[in-house]
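Below is one structure, written out as structure tokens, with a few remarks after it.
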Amino acid sequence: MSTQYKIQVILPREDGLLADRVLDHVRNLIATDRLCSGDRVNELEISQTLGMSRGPVREAVRRLAASGLLVAEPNLGSRVVTLDAEAARALFEVREALEAMAAGLAAMKMSPAEKADLLKMLEEHEAAMDVHGSKSYPAGPADWDFHLAILRGARNEVAWRVCGNELRDLLSLLRARHSRREGRGRRALQEHRWVAEAIAAGHADLASALMGQHIRASRDGALATLDEPANPQQERSTNDSDVA
């Protein structure tokens with residue numbers, strides 16, 4: 001009887017760190033609506049933009065494909081996945097269950113300093129919207145993400161693994177898509193503030209209920225955008241030029 005061995009390839013530390021830079025770059029492109037559903041990811045342009053070899057870029061693309069964000073096409077590279085209404089609804093059902101729970105846990109487990117930082121984060125988000133005169137919710141790095149902050153504060157490894165890691169990129173794609181809807185940015189900011197205030201006050205049940213309500217509103221907005229062009233200024237086609 002033969003025994004099969006699974007070989008695990010371990011990247012050199014430097015290449016792994018560079019791949020993390022690529023992940024952050026691609027995530028920022030998605031968050032700022034410069035990379036949308038159906039767009040092709042140009043590995044060469046990314047490597048040139050970031051000033052690195054193709055190896056770390058390929059590794060980052062492999063990770064994003066494993067997360068479901070990218071879909072590989074024979075001889076064409078990878079494209080950002082296009083989610084249908086059924087897939088989007090399923091993602092939001094999972095997100096609502098876990099993030100509503102996380103908000104309740106955060107109300108009980110976050111330290112006073114963490115709760116103060118959460119409220120300060122929303123002040124910074126509002127200031128960013130005022131400075132730029134934007135109606136969309138501001139995009140930023142992971143440590144500036146309201147939902148990730150609450151997931152971390154919940155101290156629940158399962159909720160973090162699912163929403164903060166495994167489904168993070170797909171959820172970010174949906175969030176980027178619906179965040180530009182007219183008036184949604186300011187409304188989302190107010191909903192975030194209600195959740196944060198409940199967490200800061202230690203009201204677990206209220207924080208959980210408000211987060212669930214917020215995510216359902218996000219779901220309704222996201223589902224309404226699925227039939228719209230990914231870019232409101234220009235309808236994209238499968239023959240579009242590459243996006244780096």
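As shown in the structure tokens, the chain order sets the letters A, B, ...; within each chain, residues go from 1, and ligands are also counted from 1 in the order they appear.
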Find the spatial neighbours of Ser172 in chain A, counting only C-alpha atoms, within a cut-off of 9 Å - ignore same-chain residues fewer than 6 positions away - and output them as an MDAnalysis selection string. chainID A and resid 27 30:31
Once you have the residues from the selection above, write them out as a tab-separated table (two decimals), in the first residue's frame, restricted to C-alpha atoms.
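Ended up saving to part.tsv:
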```tsv
chain	number	residue	atom	x	y	z
A	27	ARG	CA	-7.30	45.23	-2.03
A	30	ILE	CA	-10.86	47.16	-5.15
A	31	ALA	CA	-11.74	49.39	-2.20
```
Near Arg187 in chain A, within 10 Å and counting only C-alpha atoms, which residues show up once chain neighbours fewer than 6 positions away are dropped, as a PyMOL selection string? chain A and resi 135-137+193+214+217
Convert the current residue selection to file output with C-alpha atoms, as a PDB file, in the first residue's frame.
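Dumped to part-v4.pdb:
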```pdb
ATOM      1  CA  LYS A 135     -20.622  60.894  -0.647  1.00  0.00           C
ATOM      2  CA  SER A 136     -18.929  57.484  -0.577  1.00  0.00           C
ATOM      3  CA  TYR A 137     -17.584  55.864   2.559  1.00  0.00           C
ATOM      4  CA  ARG A 193     -21.821  55.437  14.930  1.00  0.00           C
ATOM      5  CA  HIS A 214     -26.682  47.759   9.317  1.00  0.00           C
ATOM      6  CA  ALA A 217     -29.140  47.614   4.757  1.00  0.00           C
TER       7      ALA A 217
END
```
With 12 Å as the cut-off and only C-alpha atoms counted, what is the closest atom pair between each nearby residue of range 158-193 of chain A and range 71-95 of chain A? Distances in Å to one decimal, ordered by chain and number, as JSON lines.
```
{"residue": "A:Ala159", "atom": "CA", "partner": "A:Arg95", "partner_atom": "CA", "distance": 9.2}
{"residue": "A:Trp160", "atom": "CA", "partner": "A:Arg95", "partner_atom": "CA", "distance": 10.9}
{"residue": "A:Arg161", "atom": "CA", "partner": "A:Arg95", "partner_atom": "CA", "distance": 11.9}
{"residue": "A:Val162", "atom": "CA", "partner": "A:Arg95", "partner_atom": "CA", "distance": 8.7}
{"residue": "A:Cys163", "atom": "CA", "partner": "A:Arg95", "partner_atom": "CA", "distance": 6.7}
{"residue": "A:Gly164", "atom": "CA", "partner": "A:Arg95", "partner_atom": "CA", "distance": 10.1}
{"residue": "A:Glu166", "atom": "CA", "partner": "A:Leu91", "partner_atom": "CA", "distance": 11.4}
{"residue": "A:Leu167", "atom": "CA", "partner": "A:Leu91", "partner_atom": "CA", "distance": 8.1}
{"residue": "A:Arg168", "atom": "CA", "partner": "A:Arg95", "partner_atom": "CA", "distance": 9.9}
{"residue": "A:Asp169", "atom": "CA", "partner": "A:Val80", "partner_atom": "CA", "distance": 10.5}
{"residue": "A:Leu170", "atom": "CA", "partner": "A:Leu91", "partner_atom": "CA", "distance": 8.2}
{"residue": "A:Leu171", "atom": "CA", "partner": "A:Leu91", "partner_atom": "CA", "distance": 7.3}
{"residue": "A:Ser172", "atom": "CA", "partner": "A:Leu91", "partner_atom": "CA", "distance": 11.0}
{"residue": "A:Leu173", "atom": "CA", "partner": "A:Val81", "partner_atom": "CA", "distance": 9.1}
{"residue": "A:Leu174", "atom": "CA", "partner": "A:Ala88", "partner_atom": "CA", "distance": 7.6}
{"residue": "A:Arg175", "atom": "CA", "partner": "A:Phe92", "partner_atom": "CA", "distance": 10.4}
{"residue": "A:Arg177", "atom": "CA", "partner": "A:Leu83", "partner_atom": "CA", "distance": 11.0}
{"residue": "A:His178", "atom": "CA", "partner": "A:Ala88", "partner_atom": "CA", "distance": 11.7}
```
Restricting the calculation to only C-alpha atoms: of A:Val195, A:Leu44, A:Ala60, A:Met52, which residue gets closest to Val22 in chain A?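 When distances to Val22 in chain A are compared using only C-alpha atoms, the smallest one comes from A:Ala60.
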Any chance you could list, as a ChimeraX atom specification, the residues in range 4-100 of chain A that come up strand (DSSP E or B) when DSSP is run on the backbone? /A:40-41,70-73,77-80
One decimal, Å: what's the distance from CA of Leu210 in chain A over to CA of Gly140 in chain A, could you say? 23.2 Å
